[in-house]
Amino acid sequence: MKLRELWRRVMAMELSELLRRYFINTLFDSTFVVLGVLAASAFVPDANPEIVIGTIFAACLAIGISTAVSVYEAEHIESEIEMQKIEQAMLTSMKDTEIERRTKSFAFAVAGINLLAPVFVAIIMGTPLILYEVGIIQDFLIAAALSSGFGIGIIFTVGYYLGTLGRKRPWLRAVRMSVIAILAFGALVLFERLL
């Protein structure tokens, strides 16, 4: 299948469904992982900025690859099961049909989205740390705090977006999810300090 054809099929899918079902979940998970990395390695005496940055990018890439592969395989199996059900109901093969092509395109799209979400988190949350490394931000603790703040901002945005989908007080959902993230992050920092 040509890349242009795959792109056309993916764009024909409902973007909000892809975001809602996959991107948001992986974004949320990735953000919490990075907050955990920051809590464990950035807010400690003698923090090593290179290790913190490397760990964040490595963890996000690993999450992206892991979720992309696992979701692709799961979607591929689900589409095969669905195709078998359709073939049994229609008493005909669905091979090389539009339905089969759409289900394969959907699996690729979902895998791509799951790969991009953690990369997005790493770029957003890693930016203040990189700015510290190049000398624009002078204090590593400030860079780590900004990075953590960006993570809470991602959680807030995700909460607001989910709230708009449910049409039920998006601000409340955004605040609730942010408070959970702040409490979890605070607990992780405290836990690290006590060890």
# chains A, B, ... in the order shown; residues from 1 in each chain; ligands from 1
>>> residues_around(residues="range 71-81 of chain A", least_positions_apart="2", cutoff="6 Å", atoms="only C-alpha atoms", output="ChimeraX atom specification")
/A:67-69,83-84,103,107,111
>>> closest_atom_pairs(of="range 9-84 of chain A", to="range 121-128 of chain A", cutoff="10 Å", atoms="only C-alpha atoms", output="JSON lines")
{"residue": "A:Thr26", "atom": "CA", "partner": "A:Val121", "partner_atom": "CA", "distance": 9.6}
{"residue": "A:Leu27", "atom": "CA", "partner": "A:Val121", "partner_atom": "CA", "distance": 6.8}
{"residue": "A:Phe28", "atom": "CA", "partner": "A:Val121", "partner_atom": "CA", "distance": 9.0}
{"residue": "A:Asp29", "atom": "CA", "partner": "A:Val121", "partner_atom": "CA", "distance": 9.8}
{"residue": "A:Ser30", "atom": "CA", "partner": "A:Val121", "partner_atom": "CA", "distance": 6.6}
{"residue": "A:Thr31", "atom": "CA", "partner": "A:Val121", "partner_atom": "CA", "distance": 6.2}
{"residue": "A:Phe32", "atom": "CA", "partner": "A:Val121", "partner_atom": "CA", "distance": 9.8}
{"residue": "A:Val33", "atom": "CA", "partner": "A:Val121", "partner_atom": "CA", "distance": 9.9}
{"residue": "A:Val34", "atom": "CA", "partner": "A:Ala122", "partner_atom": "CA", "distance": 7.7}
{"residue": "A:Leu35", "atom": "CA", "partner": "A:Met125", "partner_atom": "CA", "distance": 9.0}
{"residue": "A:Leu38", "atom": "CA", "partner": "A:Met125", "partner_atom": "CA", "distance": 9.8}
{"residue": "A:Val52", "atom": "CA", "partner": "A:Gly126", "partner_atom": "CA", "distance": 9.2}
{"residue": "A:Ile53", "atom": "CA", "partner": "A:Gly126", "partner_atom": "CA", "distance": 6.6}
{"residue": "A:Gly54", "atom": "CA", "partner": "A:Gly126", "partner_atom": "CA", "distance": 9.5}
{"residue": "A:Thr55", "atom": "CA", "partner": "A:Ala122", "partner_atom": "CA", "distance": 9.9}
{"residue": "A:Ile56", "atom": "CA", "partner": "A:Ala122", "partner_atom": "CA", "distance": 6.4}
{"residue": "A:Phe57", "atom": "CA", "partner": "A:Ala122", "partner_atom": "CA", "distance": 5.7}
{"residue": "A:Ala58", "atom": "CA", "partner": "A:Ala122", "partner_atom": "CA", "distance": 9.0}
{"residue": "A:Ala59", "atom": "CA", "partner": "A:Ala122", "partner_atom": "CA", "distance": 8.7}
{"residue": "A:Cys60", "atom": "CA", "partner": "A:Ala122", "partner_atom": "CA", "distance": 6.1}
{"residue": "A:Leu61", "atom": "CA", "partner": "A:Ala122", "partner_atom": "CA", "distance": 8.4}
>>> closest_residue(among="A:Ala174, A:Leu91, A:Ile136, A:Pro49", to="Val37 in chain A", atoms="only C-alpha atoms")
A:Pro49
>>> atom_distance(atom1="CA of Gly36 in chain A", atom2="CA of Ser148 in chain A")
9.7 Å
>>> closest_residue(among="A:Gly64, A:Ser147, A:Phe120, A:Met90", to="Tyr132 in chain A", atoms="only C-alpha atoms")
A:Ser147
>>> atom_distance(atom1="CA of Gln138 in chain A", atom2="CA of Phe150 in chain A")
18.0 Å
>>> closest_residue(among="A:Ile130, A:Ile182, A:Ala89, A:Ala144", to="Ser41 in chain A", atoms="only C-alpha atoms")
A:Ala144
>>> residues_around(residues="Arg176 in chain A", least_positions_apart="2", cutoff="12 Å", atoms="only C-alpha atoms", output="ChimeraX atom specification")
/A:152,155-160,162-163,169-174,178-183
>>> write_last_selection(atoms="C-alpha atoms", output="compact mmCIF listing (two decimals), in the first residue's frame")
# COMPACT_ATOMS: atom_id res chain seq x y z
CA ILE A 152 1.05 19.19 35.36
CA ILE A 155 -2.38 16.61 32.70
CA PHE A 156 -4.58 19.71 33.08
CA THR A 157 -5.00 20.00 29.29
CA VAL A 158 -5.82 16.31 28.98
CA GLY A 159 -8.39 16.63 31.76
CA TYR A 160 -9.98 19.65 30.13
CA LEU A 162 -11.77 14.83 28.28
CA GLY A 163 -14.22 17.08 30.09
CA ARG A 169 -17.62 20.69 33.61
CA PRO A 170 -14.28 20.37 31.80
CA TRP A 171 -12.58 22.75 34.26
CA LEU A 172 -13.54 20.55 37.18
CA ARG A 173 -12.13 17.45 35.50
CA ALA A 174 -8.95 19.33 34.56
CA SER A 178 -4.10 18.10 38.05
CA VAL A 179 -4.56 17.77 41.80
CA ILE A 180 -4.05 14.01 41.51
CA ALA A 181 -0.87 14.61 39.50
CA ILE A 182 0.41 17.18 42.01
CA LEU A 183 -0.31 14.89 44.97
>>> atom_distance(atom1="CA of Tyr22 in chain A", atom2="CA of Gly166 in chain A")
16.5 Å
>>> closest_residue(among="A:Ala62, A:Ala145, A:Met177, A:Val110", to="Ala42 in chain A", atoms="only C-alpha atoms")
A:Ala145
>>> closest_residue(among="A:Ala39, A:Leu146, A:Ile154, A:Val175", to="Pro118 in chain A", atoms="only C-alpha atoms")
A:Ile154
